[in-house]
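Engineer: Structure supplied as input-v5.txt; contents: compact mmCIF, N, CA and C atoms.
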```
# COMPACT_ATOMS: atom_id res chain seq x y z
N MET A 3 -18.53 14.84 -13.49
CA MET A 3 -17.40 13.95 -13.19
C MET A 3 -17.10 13.99 -11.70
N THR A 4 -16.75 12.86 -11.13
CA THR A 4 -16.47 12.77 -9.71
C THR A 4 -15.07 13.30 -9.41
N ALA A 5 -14.88 13.71 -8.16
CA ALA A 5 -13.58 14.24 -7.74
C ALA A 5 -12.55 13.12 -7.73
N MET A 6 -11.37 13.44 -8.20
CA MET A 6 -10.28 12.47 -8.25
C MET A 6 -9.65 12.36 -6.86
N ILE A 7 -9.51 11.15 -6.37
CA ILE A 7 -8.88 10.91 -5.08
C ILE A 7 -7.39 11.24 -5.20
N GLU A 8 -6.83 11.81 -4.15
CA GLU A 8 -5.41 12.19 -4.14
C GLU A 8 -4.76 11.72 -2.84
N TRP A 9 -3.50 11.32 -2.94
CA TRP A 9 -2.71 11.00 -1.75
C TRP A 9 -2.32 12.30 -1.06
N ASN A 10 -2.35 12.30 0.26
CA ASN A 10 -1.78 13.41 1.02
C ASN A 10 -1.21 12.84 2.31
N ASP A 11 -0.40 13.64 3.00
CA ASP A 11 0.32 13.16 4.17
C ASP A 11 -0.58 12.74 5.32
N THR A 12 -1.83 13.21 5.35
CA THR A 12 -2.72 12.79 6.44
C THR A 12 -3.09 11.31 6.31
N LEU A 13 -2.82 10.72 5.15
CA LEU A 13 -3.12 9.31 4.93
C LEU A 13 -1.96 8.39 5.32
N ALA A 14 -0.81 8.96 5.62
CA ALA A 14 0.36 8.15 5.99
C ALA A 14 0.15 7.56 7.38
N VAL A 15 0.42 6.25 7.50
CA VAL A 15 0.31 5.59 8.80
C VAL A 15 1.68 5.37 9.43
N GLY A 16 2.75 5.66 8.69
CA GLY A 16 4.09 5.55 9.24
C GLY A 16 4.73 4.18 9.12
N ILE A 17 4.09 3.29 8.41
CA ILE A 17 4.67 1.97 8.13
C ILE A 17 4.81 1.92 6.61
N ALA A 18 6.06 1.92 6.15
CA ALA A 18 6.34 2.10 4.72
C ALA A 18 5.58 1.12 3.84
N GLU A 19 5.55 -0.14 4.23
CA GLU A 19 4.88 -1.14 3.39
C GLU A 19 3.40 -0.81 3.21
N ILE A 20 2.74 -0.45 4.29
CA ILE A 20 1.31 -0.12 4.21
C ILE A 20 1.12 1.19 3.46
N ASP A 21 1.95 2.19 3.74
CA ASP A 21 1.83 3.47 3.04
C ASP A 21 2.06 3.30 1.53
N GLN A 22 3.02 2.48 1.15
CA GLN A 22 3.26 2.23 -0.28
C GLN A 22 2.05 1.57 -0.93
N GLN A 23 1.47 0.63 -0.21
CA GLN A 23 0.29 -0.06 -0.74
C GLN A 23 -0.90 0.90 -0.83
N HIS A 24 -1.06 1.76 0.15
CA HIS A 24 -2.15 2.74 0.09
C HIS A 24 -1.95 3.67 -1.11
N ARG A 25 -0.72 4.10 -1.36
CA ARG A 25 -0.45 4.95 -2.53
C ARG A 25 -0.80 4.22 -3.82
N LYS A 26 -0.45 2.95 -3.88
CA LYS A 26 -0.75 2.14 -5.08
C LYS A 26 -2.27 2.01 -5.25
N LEU A 27 -3.00 1.79 -4.17
CA LEU A 27 -4.46 1.70 -4.25
C LEU A 27 -5.04 3.01 -4.78
N ILE A 28 -4.52 4.13 -4.33
CA ILE A 28 -5.00 5.42 -4.81
C ILE A 28 -4.70 5.58 -6.29
N GLU A 29 -3.51 5.17 -6.72
CA GLU A 29 -3.18 5.22 -8.16
C GLU A 29 -4.14 4.37 -8.97
N LEU A 30 -4.48 3.20 -8.47
CA LEU A 30 -5.40 2.31 -9.19
C LEU A 30 -6.81 2.91 -9.25
N ILE A 31 -7.23 3.56 -8.17
CA ILE A 31 -8.54 4.23 -8.17
C ILE A 31 -8.52 5.38 -9.17
N GLN A 32 -7.43 6.15 -9.19
CA GLN A 32 -7.31 7.24 -10.16
C GLN A 32 -7.39 6.71 -11.58
N HIS A 33 -6.71 5.59 -11.82
CA HIS A 33 -6.74 4.99 -13.16
C HIS A 33 -8.16 4.57 -13.52
N LEU A 34 -8.84 3.94 -12.59
CA LEU A 34 -10.22 3.52 -12.83
C LEU A 34 -11.10 4.72 -13.15
N GLN A 35 -10.95 5.79 -12.39
CA GLN A 35 -11.74 7.00 -12.64
C GLN A 35 -11.41 7.61 -13.98
N SER A 36 -10.13 7.59 -14.37
CA SER A 36 -9.75 8.20 -15.65
C SER A 36 -10.23 7.35 -16.83
N VAL A 37 -10.20 6.03 -16.70
CA VAL A 37 -10.70 5.16 -17.76
C VAL A 37 -12.20 5.38 -17.94
N ASP A 38 -12.91 5.45 -16.83
CA ASP A 38 -14.36 5.64 -16.90
C ASP A 38 -14.72 7.00 -17.49
N ALA A 39 -13.89 8.00 -17.22
CA ALA A 39 -14.18 9.36 -17.69
C ALA A 39 -13.87 9.54 -19.18
N HIS A 40 -13.08 8.66 -19.75
CA HIS A 40 -12.68 8.79 -21.15
C HIS A 40 -13.89 8.51 -22.05
N PRO A 41 -14.20 9.41 -22.97
CA PRO A 41 -15.40 9.24 -23.80
C PRO A 41 -15.38 8.02 -24.71
N ASP A 42 -14.19 7.56 -25.10
CA ASP A 42 -14.09 6.41 -26.00
C ASP A 42 -13.71 5.13 -25.23
N ARG A 43 -14.05 5.10 -23.96
CA ARG A 43 -13.65 3.95 -23.14
C ARG A 43 -14.19 2.65 -23.72
N GLU A 44 -13.42 1.64 -23.53
CA GLU A 44 -13.84 0.30 -23.93
C GLU A 44 -14.19 -0.47 -22.68
N PHE A 45 -15.25 -1.23 -22.76
CA PHE A 45 -15.71 -2.02 -21.62
C PHE A 45 -14.56 -2.87 -21.07
N ALA A 46 -13.76 -3.46 -21.96
CA ALA A 46 -12.66 -4.33 -21.53
C ALA A 46 -11.63 -3.58 -20.69
N LEU A 47 -11.37 -2.30 -21.03
CA LEU A 47 -10.42 -1.50 -20.25
C LEU A 47 -10.93 -1.24 -18.85
N VAL A 48 -12.22 -0.93 -18.76
CA VAL A 48 -12.82 -0.68 -17.44
C VAL A 48 -12.82 -1.98 -16.63
N GLU A 49 -13.17 -3.08 -17.27
CA GLU A 49 -13.18 -4.37 -16.58
C GLU A 49 -11.78 -4.72 -16.07
N GLN A 50 -10.77 -4.49 -16.89
CA GLN A 50 -9.39 -4.76 -16.50
C GLN A 50 -8.99 -3.89 -15.31
N ALA A 51 -9.35 -2.61 -15.33
CA ALA A 51 -9.03 -1.70 -14.23
C ALA A 51 -9.71 -2.15 -12.94
N LEU A 52 -10.96 -2.58 -13.05
CA LEU A 52 -11.69 -3.07 -11.88
C LEU A 52 -11.04 -4.34 -11.32
N ASP A 53 -10.70 -5.26 -12.21
CA ASP A 53 -10.07 -6.51 -11.77
C ASP A 53 -8.73 -6.25 -11.07
N GLU A 54 -7.94 -5.34 -11.65
CA GLU A 54 -6.65 -5.01 -11.06
C GLU A 54 -6.84 -4.38 -9.69
N MET A 55 -7.83 -3.51 -9.57
CA MET A 55 -8.11 -2.84 -8.30
C MET A 55 -8.49 -3.86 -7.23
N VAL A 56 -9.37 -4.77 -7.55
CA VAL A 56 -9.82 -5.77 -6.58
C VAL A 56 -8.66 -6.70 -6.19
N ALA A 57 -7.89 -7.13 -7.16
CA ALA A 57 -6.76 -8.03 -6.88
C ALA A 57 -5.76 -7.35 -5.96
N TYR A 58 -5.43 -6.09 -6.23
CA TYR A 58 -4.45 -5.41 -5.38
C TYR A 58 -5.03 -5.13 -4.00
N THR A 59 -6.31 -4.84 -3.93
CA THR A 59 -6.96 -4.62 -2.64
C THR A 59 -6.86 -5.88 -1.79
N MET A 60 -7.10 -7.03 -2.39
CA MET A 60 -7.00 -8.29 -1.66
C MET A 60 -5.56 -8.53 -1.18
N TYR A 61 -4.60 -8.20 -2.02
CA TYR A 61 -3.19 -8.31 -1.63
C TYR A 61 -2.89 -7.40 -0.43
N HIS A 62 -3.36 -6.16 -0.51
CA HIS A 62 -3.14 -5.21 0.58
C HIS A 62 -3.81 -5.68 1.87
N PHE A 63 -5.06 -6.13 1.78
CA PHE A 63 -5.75 -6.63 2.96
C PHE A 63 -4.97 -7.79 3.58
N GLY A 64 -4.39 -8.63 2.74
CA GLY A 64 -3.57 -9.74 3.23
C GLY A 64 -2.39 -9.25 4.05
N THR A 65 -1.76 -8.16 3.61
CA THR A 65 -0.64 -7.58 4.36
C THR A 65 -1.11 -7.13 5.74
N GLU A 66 -2.19 -6.37 5.78
CA GLU A 66 -2.70 -5.88 7.06
C GLU A 66 -3.10 -7.06 7.95
N GLU A 67 -3.74 -8.04 7.39
CA GLU A 67 -4.23 -9.18 8.17
C GLU A 67 -3.07 -10.01 8.73
N ARG A 68 -1.98 -10.14 7.98
CA ARG A 68 -0.79 -10.84 8.50
C ARG A 68 -0.20 -10.08 9.68
N LEU A 69 -0.14 -8.75 9.56
CA LEU A 69 0.40 -7.95 10.67
C LEU A 69 -0.50 -8.05 11.90
N MET A 70 -1.82 -8.01 11.68
CA MET A 70 -2.75 -8.13 12.81
C MET A 70 -2.55 -9.46 13.53
N GLU A 71 -2.39 -10.52 12.76
CA GLU A 71 -2.21 -11.85 13.37
C GLU A 71 -0.86 -11.94 14.06
N GLU A 72 0.18 -11.47 13.40
CA GLU A 72 1.53 -11.58 13.95
C GLU A 72 1.67 -10.84 15.27
N TYR A 73 1.00 -9.69 15.40
CA TYR A 73 1.13 -8.87 16.60
C TYR A 73 -0.10 -8.93 17.50
N SER A 74 -0.95 -9.92 17.29
CA SER A 74 -2.14 -10.16 18.13
C SER A 74 -2.96 -8.90 18.34
N TYR A 75 -3.31 -8.26 17.24
CA TYR A 75 -4.08 -7.03 17.29
C TYR A 75 -5.45 -7.31 17.90
N PRO A 76 -5.81 -6.63 19.00
CA PRO A 76 -7.07 -6.95 19.71
C PRO A 76 -8.34 -6.55 18.96
N GLN A 77 -8.24 -5.64 18.00
CA GLN A 77 -9.42 -5.20 17.25
C GLN A 77 -9.47 -5.83 15.86
N ASP A 78 -8.82 -6.99 15.73
CA ASP A 78 -8.74 -7.62 14.41
C ASP A 78 -10.10 -8.04 13.87
N VAL A 79 -11.01 -8.48 14.72
CA VAL A 79 -12.31 -8.95 14.24
C VAL A 79 -13.07 -7.82 13.54
N GLY A 80 -13.12 -6.65 14.15
CA GLY A 80 -13.80 -5.51 13.53
C GLY A 80 -13.12 -5.06 12.25
N HIS A 81 -11.80 -5.06 12.26
CA HIS A 81 -11.03 -4.65 11.09
C HIS A 81 -11.28 -5.63 9.94
N LEU A 82 -11.21 -6.92 10.26
CA LEU A 82 -11.46 -7.95 9.24
C LEU A 82 -12.88 -7.86 8.70
N ALA A 83 -13.83 -7.56 9.56
CA ALA A 83 -15.22 -7.43 9.12
C ALA A 83 -15.36 -6.28 8.13
N GLN A 84 -14.62 -5.19 8.35
CA GLN A 84 -14.64 -4.07 7.40
C GLN A 84 -14.09 -4.51 6.05
N HIS A 85 -13.00 -5.26 6.07
CA HIS A 85 -12.42 -5.76 4.82
C HIS A 85 -13.42 -6.64 4.08
N GLU A 86 -14.04 -7.56 4.80
CA GLU A 86 -14.99 -8.48 4.17
C GLU A 86 -16.20 -7.74 3.60
N ARG A 87 -16.71 -6.78 4.36
CA ARG A 87 -17.87 -6.01 3.89
C ARG A 87 -17.51 -5.20 2.64
N PHE A 88 -16.34 -4.60 2.65
CA PHE A 88 -15.87 -3.82 1.51
C PHE A 88 -15.79 -4.70 0.26
N LEU A 89 -15.15 -5.86 0.38
CA LEU A 89 -15.01 -6.75 -0.77
C LEU A 89 -16.38 -7.22 -1.27
N SER A 90 -17.28 -7.48 -0.36
CA SER A 90 -18.64 -7.87 -0.75
C SER A 90 -19.34 -6.73 -1.50
N ASP A 91 -19.24 -5.52 -0.98
CA ASP A 91 -19.86 -4.36 -1.63
C ASP A 91 -19.29 -4.14 -3.03
N VAL A 92 -17.97 -4.20 -3.14
CA VAL A 92 -17.32 -3.97 -4.43
C VAL A 92 -17.68 -5.07 -5.42
N THR A 93 -17.71 -6.31 -4.95
CA THR A 93 -18.10 -7.41 -5.82
C THR A 93 -19.51 -7.21 -6.35
N ASN A 94 -20.42 -6.82 -5.48
CA ASN A 94 -21.81 -6.56 -5.91
C ASN A 94 -21.88 -5.42 -6.91
N MET A 95 -21.12 -4.35 -6.67
CA MET A 95 -21.10 -3.22 -7.59
C MET A 95 -20.52 -3.63 -8.95
N MET A 96 -19.45 -4.42 -8.91
CA MET A 96 -18.84 -4.88 -10.17
C MET A 96 -19.80 -5.75 -10.96
N GLU A 97 -20.50 -6.64 -10.26
CA GLU A 97 -21.47 -7.49 -10.95
C GLU A 97 -22.57 -6.65 -11.59
N SER A 98 -23.01 -5.61 -10.89
CA SER A 98 -24.03 -4.71 -11.45
C SER A 98 -23.49 -3.99 -12.67
N PHE A 99 -22.24 -3.53 -12.58
CA PHE A 99 -21.60 -2.85 -13.72
C PHE A 99 -21.52 -3.78 -14.92
N MET A 100 -21.04 -5.01 -14.68
CA MET A 100 -20.87 -5.97 -15.77
C MET A 100 -22.21 -6.34 -16.40
N ALA A 101 -23.27 -6.30 -15.61
CA ALA A 101 -24.60 -6.65 -16.11
C ALA A 101 -25.24 -5.47 -16.85
N GLY A 102 -24.53 -4.33 -16.88
CA GLY A 102 -25.04 -3.17 -17.62
C GLY A 102 -26.02 -2.31 -16.86
N SER A 103 -26.02 -2.43 -15.54
CA SER A 103 -26.94 -1.61 -14.75
C SER A 103 -26.47 -0.17 -14.69
N HIS A 104 -27.14 0.61 -13.91
CA HIS A 104 -26.84 2.04 -13.79
C HIS A 104 -25.54 2.33 -13.04
N VAL A 105 -24.90 1.33 -12.44
CA VAL A 105 -23.65 1.54 -11.72
C VAL A 105 -22.53 1.72 -12.73
N SER A 106 -21.80 2.82 -12.61
CA SER A 106 -20.68 3.06 -13.52
C SER A 106 -19.36 2.75 -12.82
N ALA A 107 -18.31 2.61 -13.60
CA ALA A 107 -16.99 2.42 -13.02
C ALA A 107 -16.61 3.64 -12.19
N GLY A 108 -17.06 4.81 -12.60
CA GLY A 108 -16.82 6.03 -11.82
C GLY A 108 -17.48 5.96 -10.46
N ASP A 109 -18.71 5.41 -10.42
CA ASP A 109 -19.39 5.22 -9.13
C ASP A 109 -18.59 4.28 -8.24
N ILE A 110 -18.09 3.22 -8.83
CA ILE A 110 -17.29 2.27 -8.06
C ILE A 110 -16.00 2.94 -7.58
N GLY A 111 -15.35 3.69 -8.48
CA GLY A 111 -14.13 4.41 -8.10
C GLY A 111 -14.37 5.41 -6.98
N GLN A 112 -15.50 6.11 -7.05
CA GLN A 112 -15.83 7.08 -5.99
C GLN A 112 -16.05 6.36 -4.67
N TYR A 113 -16.77 5.24 -4.70
CA TYR A 113 -16.99 4.45 -3.49
C TYR A 113 -15.66 3.96 -2.93
N LEU A 114 -14.80 3.41 -3.82
CA LEU A 114 -13.50 2.92 -3.39
C LEU A 114 -12.69 4.02 -2.71
N GLY A 115 -12.65 5.19 -3.36
CA GLY A 115 -11.87 6.30 -2.81
C GLY A 115 -12.39 6.77 -1.47
N ASN A 116 -13.70 6.95 -1.37
CA ASN A 116 -14.28 7.41 -0.11
C ASN A 116 -14.05 6.39 1.00
N TRP A 117 -14.28 5.12 0.67
CA TRP A 117 -14.09 4.08 1.68
C TRP A 117 -12.63 4.02 2.11
N LEU A 118 -11.72 4.03 1.15
CA LEU A 118 -10.30 3.91 1.47
C LEU A 118 -9.84 5.05 2.37
N ILE A 119 -10.21 6.26 2.06
CA ILE A 119 -9.78 7.40 2.88
C ILE A 119 -10.31 7.25 4.31
N GLN A 120 -11.60 6.94 4.45
CA GLN A 120 -12.17 6.76 5.78
C GLN A 120 -11.49 5.61 6.53
N HIS A 121 -11.24 4.52 5.83
CA HIS A 121 -10.63 3.35 6.44
C HIS A 121 -9.20 3.67 6.90
N ILE A 122 -8.44 4.35 6.06
CA ILE A 122 -7.07 4.71 6.44
C ILE A 122 -7.08 5.65 7.63
N GLN A 123 -7.89 6.70 7.56
CA GLN A 123 -7.86 7.73 8.59
C GLN A 123 -8.36 7.25 9.95
N HIS A 124 -9.11 6.18 9.97
CA HIS A 124 -9.64 5.71 11.25
C HIS A 124 -9.09 4.32 11.59
N THR A 125 -9.52 3.33 10.88
CA THR A 125 -9.19 1.94 11.21
C THR A 125 -7.71 1.64 11.05
N ASP A 126 -7.12 2.04 9.93
CA ASP A 126 -5.70 1.74 9.71
C ASP A 126 -4.80 2.56 10.62
N GLN A 127 -5.20 3.78 10.94
CA GLN A 127 -4.40 4.58 11.88
C GLN A 127 -4.38 3.92 13.26
N GLN A 128 -5.51 3.32 13.67
CA GLN A 128 -5.55 2.61 14.95
C GLN A 128 -4.64 1.39 14.92
N LEU A 129 -4.68 0.65 13.82
CA LEU A 129 -3.79 -0.50 13.67
C LEU A 129 -2.34 -0.05 13.70
N ALA A 130 -2.02 1.01 12.99
CA ALA A 130 -0.64 1.50 12.94
C ALA A 130 -0.16 1.93 14.33
N ALA A 131 -1.00 2.59 15.09
CA ALA A 131 -0.62 3.01 16.45
C ALA A 131 -0.29 1.78 17.30
N TRP A 132 -1.10 0.74 17.17
CA TRP A 132 -0.85 -0.51 17.90
C TRP A 132 0.49 -1.11 17.47
N LEU A 133 0.72 -1.15 16.18
CA LEU A 133 1.97 -1.72 15.67
C LEU A 133 3.18 -0.88 16.08
N HIS A 134 3.05 0.44 16.09
CA HIS A 134 4.16 1.31 16.47
C HIS A 134 4.59 1.03 17.90
N GLU A 135 3.62 0.76 18.78
CA GLU A 135 3.94 0.48 20.18
C GLU A 135 4.62 -0.88 20.35
N ARG A 136 4.20 -1.86 19.57
CA ARG A 136 4.68 -3.22 19.75
C ARG A 136 5.83 -3.60 18.82
N ALA A 137 5.99 -2.88 17.75
CA ALA A 137 7.02 -3.21 16.77
C ALA A 137 7.60 -1.92 16.19
N PRO A 138 8.30 -1.15 17.00
CA PRO A 138 8.80 0.14 16.50
C PRO A 138 9.72 0.02 15.30
N TYR A 139 10.32 -1.15 15.09
CA TYR A 139 11.19 -1.34 13.93
C TYR A 139 10.40 -1.29 12.62
N LEU A 140 9.06 -1.40 12.71
CA LEU A 140 8.24 -1.29 11.50
C LEU A 140 8.13 0.15 11.01
N LEU A 141 8.42 1.10 11.88
CA LEU A 141 8.31 2.51 11.50
C LEU A 141 9.20 2.80 10.30
N GLY A 142 8.58 3.17 9.21
CA GLY A 142 9.33 3.53 8.02
C GLY A 142 9.98 2.36 7.33
N ALA A 143 9.74 1.15 7.82
CA ALA A 143 10.38 -0.03 7.23
C ALA A 143 9.34 -0.88 6.52
N THR A 144 9.82 -1.75 5.67
CA THR A 144 8.91 -2.70 5.06
C THR A 144 8.81 -3.91 5.97
N HIS A 145 7.67 -4.59 5.93
CA HIS A 145 7.45 -5.75 6.79
C HIS A 145 8.54 -6.79 6.55
N GLY A 146 9.03 -7.32 7.64
CA GLY A 146 10.06 -8.34 7.53
C GLY A 146 11.46 -7.77 7.63
N SER A 147 11.61 -6.45 7.82
CA SER A 147 12.94 -5.87 7.90
C SER A 147 13.31 -5.60 9.37
N ARG A 148 13.15 -6.60 10.19
CA ARG A 148 13.47 -6.46 11.61
C ARG A 148 14.97 -6.27 11.77
N PRO A 149 15.37 -5.54 12.80
CA PRO A 149 16.80 -5.41 13.05
C PRO A 149 17.38 -6.77 13.48
N LEU A 150 18.63 -6.96 13.20
CA LEU A 150 19.28 -8.19 13.62
C LEU A 150 19.40 -8.20 15.13
N GLU A 151 19.18 -9.35 15.70
CA GLU A 151 19.24 -9.46 17.18
C GLU A 151 20.49 -10.12 17.60
```
As structure tokens, what does this structure read like?
Structural biologist:
Amino acid sequence: MTAMIEWNDTLAVGIAEIDQQHRKLIELIQHLQSVDAHPDREFALVEQALDEMVAYTMYHFGTEERLMEEYSYPQDVGHLAQHERFLSDVTNMMESFMAGSHVSAGDIGQYLGNWLIQHIQHTDQQLAAWLHERAPYLLGATHGSRPLE
């Protein structure tokens, strides 16, 4: 069985909305791993967990991409390319899983967890540092909660 991904404080970027979404992504990965590990798993349950994971990932990427655009993040092209590559990889893995190949939902969950941790600790931390400098009101706040001017 693969190691279960866990949230820890080193993954916090200091922007509540993004941190909440990262926690939710980790919960979804944990769910996917637990469904796959269950001996009586049903294909439909695994498929549902995968679909939910991909849908929420796209929602989360949308949040980051809106912030990058709003604050003219200079490294947005590289960040966006990582998002696109990730979605492409996951889509290919899901298609292999659905076709009954050797790819398991646990393999996908492990890939998701490893990728997410690396992405948060490097790419998202860089984005957060940029946002902290340009929009300090985002610290600990949800997007859109600017102070009144």
Engineer: Pull the alpha helix (DSSP H) assignments for segment 6-150 of chain A out of DSSP run on the backbone, and list those residues as a PyMOL selection string.
Structural biologist: chain A and resi 18-39+45-72+78-100+107-121+127-136
Engineer: Counting all atoms listed in the file, which residues in segment 27-142 of chain A sit no more than 6.5 Å from segment 8-21 of chain A? For each one, give the nearest pair of atoms and the distance in Å, sorted by chain then residue number, as a Markdown table.
Structural biologist:
```
| residue | atom | partner | partner_atom | distance |
| --- | --- | --- | --- | --- |
| A:Ile28 | CA | A:Trp9 | N | 6.4 |
| A:Ile122 | C | A:Leu13 | CA | 6.0 |
| A:Gln123 | N | A:Leu13 | CA | 6.0 |
| A:Asp126 | C | A:Val15 | CA | 6.2 |
| A:Gln127 | CA | A:Val15 | CA | 5.7 |
| A:Ala130 | CA | A:Val15 | C | 5.7 |
| A:Leu140 | C | A:Ile17 | CA | 4.9 |
| A:Leu141 | CA | A:Gly16 | C | 4.6 |
| A:Gly142 | N | A:Gly16 | C | 4.0 |
```
Engineer: Just the number, please: distance in Å from atom C of Met100 of chain A to atom C of Arg87 of chain A, one decimal.
Structural biologist: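 Separation of atom C of Met100 of chain A and atom C of Arg87 of chain A: 19.6 Å.
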Engineer: Counting only C-alpha atoms, write as a PyMOL selection string all protein and nucleic acid residues lying at most 8 Å from (2.4, -8.4, 18.7) in the file's frame.
Structural biologist: chain A and resi 70-75+133+136-137
Engineer: Dump N, CA and C atoms for the selected residues as a PDB file, in the frame of the given file?
Structural biologist:
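Listed below is the output, out_28.pdb:
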```pdb
ATOM      1  N   MET A  70      -1.820  -8.010  11.680  1.00  0.00           N
ATOM      2  CA  MET A  70      -2.750  -8.130  12.810  1.00  0.00           C
ATOM      3  C   MET A  70      -2.550  -9.460  13.530  1.00  0.00           C
ATOM      4  N   GLU A  71      -2.390 -10.520  12.760  1.00  0.00           N
ATOM      5  CA  GLU A  71      -2.210 -11.850  13.370  1.00  0.00           C
ATOM      6  C   GLU A  71      -0.860 -11.940  14.060  1.00  0.00           C
ATOM      7  N   GLU A  72       0.180 -11.470  13.400  1.00  0.00           N
ATOM      8  CA  GLU A  72       1.530 -11.580  13.950  1.00  0.00           C
ATOM      9  C   GLU A  72       1.670 -10.840  15.270  1.00  0.00           C
ATOM     10  N   TYR A  73       1.000  -9.690  15.400  1.00  0.00           N
ATOM     11  CA  TYR A  73       1.130  -8.870  16.600  1.00  0.00           C
ATOM     12  C   TYR A  73      -0.100  -8.930  17.500  1.00  0.00           C
ATOM     13  N   SER A  74      -0.950  -9.920  17.290  1.00  0.00           N
ATOM     14  CA  SER A  74      -2.140 -10.160  18.130  1.00  0.00           C
ATOM     15  C   SER A  74      -2.960  -8.900  18.340  1.00  0.00           C
ATOM     16  N   TYR A  75      -3.310  -8.260  17.240  1.00  0.00           N
ATOM     17  CA  TYR A  75      -4.080  -7.030  17.290  1.00  0.00           C
ATOM     18  C   TYR A  75      -5.450  -7.310  17.900  1.00  0.00           C
ATOM     19  N   LEU A 133       0.720  -1.150  16.180  1.00  0.00           N
ATOM     20  CA  LEU A 133       1.970  -1.720  15.670  1.00  0.00           C
ATOM     21  C   LEU A 133       3.180  -0.880  16.080  1.00  0.00           C
ATOM     22  N   ARG A 136       4.200  -1.860  19.570  1.00  0.00           N
ATOM     23  CA  ARG A 136       4.680  -3.220  19.750  1.00  0.00           C
ATOM     24  C   ARG A 136       5.830  -3.600  18.820  1.00  0.00           C
ATOM     25  N   ALA A 137       5.990  -2.880  17.750  1.00  0.00           N
ATOM     26  CA  ALA A 137       7.020  -3.210  16.770  1.00  0.00           C
ATOM     27  C   ALA A 137       7.600  -1.920  16.190  1.00  0.00           C
TER      28      ALA A 137
END
```
Engineer: Atom C of Glu67 of chain A and atom CA of Leu114 of chain A, how far apart in Å?
Structural biologist: 20.6 Å
Engineer: Can you work out the spacing between atom CA of Gly64 of chain A and atom CA of His85 of chain A in Å, to one decimal?
Structural biologist: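 Atom CA of His85 of chain A lies 9.8 Å from atom CA of Gly64 of chain A.
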Engineer: Measuring between only C-alpha atoms, which one of A:Leu69, A:Ile119, A:Leu52, A:Leu47 shows the shortest distance to His134 of chain A?
Structural biologist: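 That would be A:Leu69, the residue with the smallest distance to His134 of chain A.
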